[in-house]
Amino acid sequence: QTSESEAAEELTRAEEALRAGLERAAALSDSAPAAEPDSLGGYMEALAEREETLATPYAALDEAAGIHPGRITLIAARPSHGKTTFLLTLLVHWLKQHPEKRFVFFSYDGPREQLLSQLVSRLTRRYALREVEDALRGGWPALGGHPEAAELIAGAQAALRWLEGSGAERRLFLIDRALSARELHRCVKDLASGGPLGAVFVDYIQQVRPGNSKRFETRQREVGYVSRTLQALAQETGVPVVAAAQLNRMSEAQGKTDRPRLWQLREAGDLEQ
């Protein structure tokens, strides 16, 4: 009797496991999106809904390679050759051109305060970064005998208020925490649910870590995972992701007159693709 009861219990457990497996399979089948055939009407509708490229302050760049929503654009250069400056220039331009949208800047190469100082300096235009920081830090006394101290202070403070915004009107998010690729993805998705995003900036892509427990055999595969995560983010949100990227040291040996090549990207692989 004992053996018969044990066999019956095992059979019952097997039936329950099979039933649970079938239920999970049915749930996955129900949640899977149905494939739809291509059609001319669908193609035309998609074209009509797709946003145009975001215009930059550089007409020649727009003609050569526009920055498209839903894609990654890499801004690549050797170290200390202006990648962050270029990203901030785009950010200021788009903040002015698209007042209805919000922008996110992930910095892995500098603190938030430094980025704000650079942005305020660009908005005041006439003043150097050191003068702007002195004005915001100590006001008139810190500027000594600067002939335009009052104008500088007022302009710097106005620029800072415009950048920061307030409450629901906040349009700029400067994030200097070293978020992993998965954390960055989740952060942007949360922000996108609260209002339209204009663009996501990442400075720079080789500094972003995957953020999962899986170990990668090579650094190239790790960077490849990060690039695919950011590409998925761009596609899911329809927002352009503009990321700075380092060129390897071999690019310096080519001479200053040579144009950069795709293979000169550090940990190229997926970045080159």
# chains A, B, ... in the order shown; residues from 1 in each chain; ligands from 1

$ residues_around --residues "Pro69 in chain A" --least-positions-apart "4" --cutoff "7 Å" --atoms "only C-alpha atoms" --output "list in words"
Glu51, Thr53, Gly238, Val239 and Pro240 of chain A

$ write_last_selection --atoms "N, CA and C atoms" --output "PDB file, in the first residue's frame"
ATOM      1  N   GLU A  51       9.601  60.742 -37.211  1.00  0.00           N
ATOM      2  CA  GLU A  51      10.129  62.090 -37.046  1.00  0.00           C
ATOM      3  C   GLU A  51      11.346  62.294 -37.937  1.00  0.00           C
ATOM      4  N   THR A  53      15.082  63.985 -38.930  1.00  0.00           N
ATOM      5  CA  THR A  53      16.325  64.087 -38.173  1.00  0.00           C
ATOM      6  C   THR A  53      16.343  65.378 -37.375  1.00  0.00           C
ATOM      7  N   GLY A 238      11.938  55.511 -29.360  1.00  0.00           N
ATOM      8  CA  GLY A 238      11.901  56.372 -30.533  1.00  0.00           C
ATOM      9  C   GLY A 238      12.706  57.647 -30.359  1.00  0.00           C
ATOM     10  N   VAL A 239      13.609  57.653 -29.370  1.00  0.00           N
ATOM     11  CA  VAL A 239      14.398  58.833 -29.043  1.00  0.00           C
ATOM     12  C   VAL A 239      15.827  58.647 -29.557  1.00  0.00           C
ATOM     13  N   PRO A 240      16.456  59.690 -30.104  1.00  0.00           N
ATOM     14  CA  PRO A 240      17.859  59.545 -30.500  1.00  0.00           C
ATOM     15  C   PRO A 240      18.766  59.423 -29.285  1.00  0.00           C
TER      16      PRO A 240
END

$ closest_residue --among "A:Ala77, A:Leu160, A:Ala199, A:Ala234" --to "Phe103 in chain A" --atoms "only C-alpha atoms"
A:Ala199

$ closest_residue --among "A:His81, A:Arg130, A:Arg171, A:His98" --to "Leu191 in chain A" --atoms "only C-alpha atoms"
A:Arg171

$ closest_residue --among "A:Arg228, A:Glu10, A:Thr237, A:Ala243" --to "Lys189 in chain A" --atoms "only C-alpha atoms"
A:Thr237

$ atom_distance --atom1 "CA of His68 in chain A" --atom2 "CA of Ala232 in chain A"
14.3 Å

$ residues_around --residues "Lys96 in chain A" --least-positions-apart "4" --cutoff "12 Å" --atoms "only C-alpha atoms" --output "list in words"
Ala55, Thr56, Pro57, Thr89, Leu90, Leu91, Val92, Glu100, Lys101, Arg102, Phe103, Leu123, Ala159, Trp162, Leu163, Arg171, Leu172 and Gly198 of chain A

$ select_by_dssp --residues "range 42-238 of chain A" --states "helix (DSSP H, G or I)" --output "PyMOL selection string"
chain A and resi 42-49+59-64+83-97+112-124+129-138+140-143+149-164+167-169+181-192+205-207+219-237

$ atom_distance --atom1 "CA of Asp203 in chain A" --atom2 "CA of Ser107 in chain A"
5.0 Å

$ closest_residue --among "A:Ala135, A:Leu233, A:Leu74, A:Leu40" --to "Arg186 in chain A" --atoms "only C-alpha atoms"
A:Leu233

$ closest_residue --among "A:Glu222, A:Ser227, A:Tyr204, A:Arg112" --to "Pro79 in chain A" --atoms "only C-alpha atoms"
A:Tyr204

$ atom_distance --atom1 "CA of Ile75 in chain A" --atom2 "CA of Gln206 in chain A"
12.1 Å

$ residues_around --residues "Ala76 in chain A" --least-positions-apart "5" --cutoff "8 Å" --atoms "only C-alpha atoms" --output "list in words"
Lys83, Ala244, Ala245, Gln246, Leu247 and Leu265 of chain A

$ closest_residue --among "A:Cys187, A:Ala192, A:Ala154, A:Leu179" --to "Arg209 in chain A" --atoms "only C-alpha atoms"
A:Leu179

$ select_by_dssp --residues "range 81-130 of chain A" --states "strand (DSSP E or B)" --output "ChimeraX atom specification"
/A:102-107

$ residues_around --residues "Glu113 in chain A" --least-positions-apart "4" --cutoff "12 Å" --atoms "only C-alpha atoms" --output "JSON, numbers by chain"
{"A": [107, 117, 118, 119, 120, 133, 136, 137, 160, 174, 175, 176]}

$ write_last_selection --atoms "all heavy atoms" --output "mmCIF file, in the first residue's frame"
data_model
loop_
_atom_site.group_PDB
_atom_site.id
_atom_site.type_symbol
_atom_site.label_atom_id
_atom_site.label_comp_id
_atom_site.auth_asym_id
_atom_site.auth_seq_id
_atom_site.Cartn_x
_atom_site.Cartn_y
_atom_site.Cartn_z
ATOM 1 N N SER A 107 26.562 61.528 -17.576
ATOM 2 C CA SER A 107 27.994 61.834 -17.594
ATOM 3 C C SER A 107 28.759 60.787 -16.796
ATOM 4 O O SER A 107 28.510 60.598 -15.605
ATOM 5 C CB SER A 107 28.249 63.226 -17.005
ATOM 6 O OG SER A 107 29.640 63.468 -16.911
ATOM 7 N N SER A 117 28.233 74.312 -15.171
ATOM 8 C CA SER A 117 29.072 75.495 -15.404
ATOM 9 C C SER A 117 29.343 75.685 -16.889
ATOM 10 O O SER A 117 29.281 76.802 -17.415
ATOM 11 C CB SER A 117 30.394 75.355 -14.645
ATOM 12 O OG SER A 117 30.190 75.365 -13.250
ATOM 13 N N GLN A 118 29.627 74.593 -17.583
ATOM 14 C CA GLN A 118 29.902 74.683 -19.020
ATOM 15 C C GLN A 118 28.651 75.112 -19.787
ATOM 16 O O GLN A 118 28.744 75.900 -20.752
ATOM 17 C CB GLN A 118 30.422 73.342 -19.534
ATOM 18 C CG GLN A 118 31.780 72.961 -18.976
ATOM 19 C CD GLN A 118 32.258 71.615 -19.475
ATOM 20 O OE1 GLN A 118 31.765 71.098 -20.485
ATOM 21 N NE2 GLN A 118 33.198 71.013 -18.780
ATOM 22 N N LEU A 119 27.502 74.604 -19.377
ATOM 23 C CA LEU A 119 26.258 74.978 -20.053
ATOM 24 C C LEU A 119 25.940 76.451 -19.828
ATOM 25 O O LEU A 119 25.547 77.175 -20.764
ATOM 26 C CB LEU A 119 25.111 74.111 -19.552
ATOM 27 C CG LEU A 119 25.105 72.659 -20.032
ATOM 28 C CD1 LEU A 119 24.076 71.843 -19.266
ATOM 29 C CD2 LEU A 119 24.834 72.581 -21.531
ATOM 30 N N VAL A 120 26.091 76.925 -18.595
ATOM 31 C CA VAL A 120 25.826 78.336 -18.297
ATOM 32 C C VAL A 120 26.790 79.222 -19.069
ATOM 33 O O VAL A 120 26.407 80.281 -19.600
ATOM 34 C CB VAL A 120 25.936 78.593 -16.778
ATOM 35 C CG1 VAL A 120 25.882 80.092 -16.484
ATOM 36 C CG2 VAL A 120 24.820 77.886 -16.037
ATOM 37 N N GLU A 133 31.736 80.809 -13.161
ATOM 38 C CA GLU A 133 31.789 80.095 -11.885
ATOM 39 C C GLU A 133 32.017 81.061 -10.724
ATOM 40 O O GLU A 133 31.425 80.916 -9.655
ATOM 41 C CB GLU A 133 32.882 79.031 -11.928
ATOM 42 C CG GLU A 133 32.525 77.855 -12.834
ATOM 43 C CD GLU A 133 33.575 76.767 -12.786
ATOM 44 O OE1 GLU A 133 34.742 77.075 -12.442
ATOM 45 O OE2 GLU A 133 33.245 75.607 -13.094
ATOM 46 N N LEU A 136 28.693 82.866 -9.982
ATOM 47 C CA LEU A 136 27.708 82.038 -9.291
ATOM 48 C C LEU A 136 28.166 81.665 -7.883
ATOM 49 O O LEU A 136 27.352 81.468 -6.982
ATOM 50 C CB LEU A 136 27.440 80.763 -10.099
ATOM 51 C CG LEU A 136 26.726 80.962 -11.433
ATOM 52 C CD1 LEU A 136 26.700 79.665 -12.225
ATOM 53 C CD2 LEU A 136 25.304 81.464 -11.203
ATOM 54 N N ARG A 137 29.475 81.606 -7.680
ATOM 55 C CA ARG A 137 29.988 81.185 -6.381
ATOM 56 C C ARG A 137 29.948 82.307 -5.350
ATOM 57 O O ARG A 137 29.496 82.128 -4.234
ATOM 58 C CB ARG A 137 31.433 80.695 -6.530
ATOM 59 C CG ARG A 137 32.029 80.148 -5.235
ATOM 60 C CD ARG A 137 33.484 79.762 -5.418
ATOM 61 N NE ARG A 137 33.622 78.691 -6.399
ATOM 62 C CZ ARG A 137 34.209 78.845 -7.583
ATOM 63 N NH1 ARG A 137 34.697 80.015 -7.953
ATOM 64 N NH2 ARG A 137 34.311 77.824 -8.405
ATOM 65 N N LEU A 160 21.084 79.701 -15.398
ATOM 66 C CA LEU A 160 20.956 78.553 -14.509
ATOM 67 C C LEU A 160 19.492 78.250 -14.211
ATOM 68 O O LEU A 160 19.067 77.085 -14.211
ATOM 69 C CB LEU A 160 21.716 78.828 -13.212
ATOM 70 C CG LEU A 160 21.894 77.641 -12.263
ATOM 71 C CD1 LEU A 160 22.636 76.513 -12.957
ATOM 72 C CD2 LEU A 160 22.634 78.067 -11.005
ATOM 73 N N LEU A 174 20.578 66.067 -15.644
ATOM 74 C CA LEU A 174 22.012 65.778 -15.676
ATOM 75 C C LEU A 174 22.297 64.719 -14.626
ATOM 76 O O LEU A 174 22.089 64.943 -13.434
ATOM 77 C CB LEU A 174 22.830 67.033 -15.392
ATOM 78 C CG LEU A 174 22.705 68.190 -16.387
ATOM 79 C CD1 LEU A 174 23.530 69.377 -15.916
ATOM 80 C CD2 LEU A 174 23.138 67.757 -17.783
ATOM 81 N N ILE A 175 22.760 63.559 -15.063
ATOM 82 C CA ILE A 175 22.967 62.428 -14.163
ATOM 83 C C ILE A 175 24.441 62.039 -14.205
ATOM 84 O O ILE A 175 24.950 61.615 -15.255
ATOM 85 C CB ILE A 175 22.072 61.240 -14.562
ATOM 86 C CG1 ILE A 175 20.599 61.672 -14.509
ATOM 87 C CG2 ILE A 175 22.315 60.038 -13.661
ATOM 88 C CD1 ILE A 175 19.635 60.655 -15.060
ATOM 89 N N ASP A 176 25.131 62.202 -13.073
ATOM 90 C CA ASP A 176 26.557 61.893 -13.030
ATOM 91 C C ASP A 176 26.855 60.630 -12.232
ATOM 92 O O ASP A 176 28.020 60.372 -11.908
ATOM 93 C CB ASP A 176 27.355 63.079 -12.471
ATOM 94 C CG ASP A 176 26.913 63.474 -11.069
ATOM 95 O OD1 ASP A 176 26.011 62.813 -10.515
ATOM 96 O OD2 ASP A 176 27.468 64.452 -10.530
#

$ residues_around --residues "Tyr225 in chain A" --least-positions-apart "4" --cutoff "9 Å" --atoms "only C-alpha atoms" --output "list in words"
Ala181, Pro210, Gln220, Arg221, Thr229, Leu230 and Asp270 of chain A

$ write_last_selection --atoms "all heavy atoms" --output "compact mmCIF listing (two decimals), in the first residue's frame"
# COMPACT_ATOMS: atom_id res chain seq x y z
N ALA A 181 24.31 49.78 -17.81
CA ALA A 181 23.48 49.86 -19.02
C ALA A 181 22.03 49.55 -18.70
O ALA A 181 21.11 50.21 -19.20
CB ALA A 181 24.01 48.90 -20.09
N PRO A 210 27.89 46.74 -18.09
CA PRO A 210 26.65 46.01 -18.38
C PRO A 210 25.67 46.00 -17.21
O PRO A 210 24.48 46.22 -17.40
CB PRO A 210 27.14 44.59 -18.70
CG PRO A 210 28.55 44.76 -19.13
CD PRO A 210 29.08 45.92 -18.33
N GLN A 220 35.53 43.47 -25.58
CA GLN A 220 34.76 43.78 -26.77
C GLN A 220 33.32 43.29 -26.63
O GLN A 220 32.37 43.97 -27.02
CB GLN A 220 35.42 43.15 -28.01
CG GLN A 220 36.66 43.87 -28.49
CD GLN A 220 37.88 43.56 -27.65
OE1 GLN A 220 37.82 42.69 -26.77
NE2 GLN A 220 38.98 44.24 -27.89
N ARG A 221 33.13 42.09 -26.07
CA ARG A 221 31.78 41.56 -25.90
C ARG A 221 31.01 42.34 -24.86
O ARG A 221 29.80 42.52 -24.97
CB ARG A 221 31.86 40.08 -25.50
CG ARG A 221 32.36 39.18 -26.63
CD ARG A 221 32.18 37.72 -26.30
NE ARG A 221 32.58 36.88 -27.43
CZ ARG A 221 32.46 35.55 -27.45
NH1 ARG A 221 31.95 34.93 -26.38
NH2 ARG A 221 32.83 34.87 -28.50
N THR A 229 22.17 47.26 -25.76
CA THR A 229 21.19 47.75 -24.79
C THR A 229 20.75 49.17 -25.13
O THR A 229 19.57 49.50 -25.08
CB THR A 229 21.77 47.71 -23.37
OG1 THR A 229 22.16 46.36 -23.04
CG2 THR A 229 20.76 48.19 -22.35
N LEU A 230 21.71 50.02 -25.50
CA LEU A 230 21.39 51.40 -25.85
C LEU A 230 20.62 51.46 -27.17
O LEU A 230 19.74 52.30 -27.35
CB LEU A 230 22.66 52.24 -25.94
CG LEU A 230 23.44 52.42 -24.64
CD1 LEU A 230 24.63 53.35 -24.86
CD2 LEU A 230 22.54 52.98 -23.53
N ASP A 270 30.92 45.68 -32.09
CA ASP A 270 29.53 46.15 -32.27
C ASP A 270 29.46 47.65 -32.47
O ASP A 270 28.56 48.14 -33.15
CB ASP A 270 28.68 45.76 -31.06
CG ASP A 270 28.41 44.27 -31.00
OD1 ASP A 270 29.36 43.52 -30.74
OD2 ASP A 270 27.27 43.87 -31.23
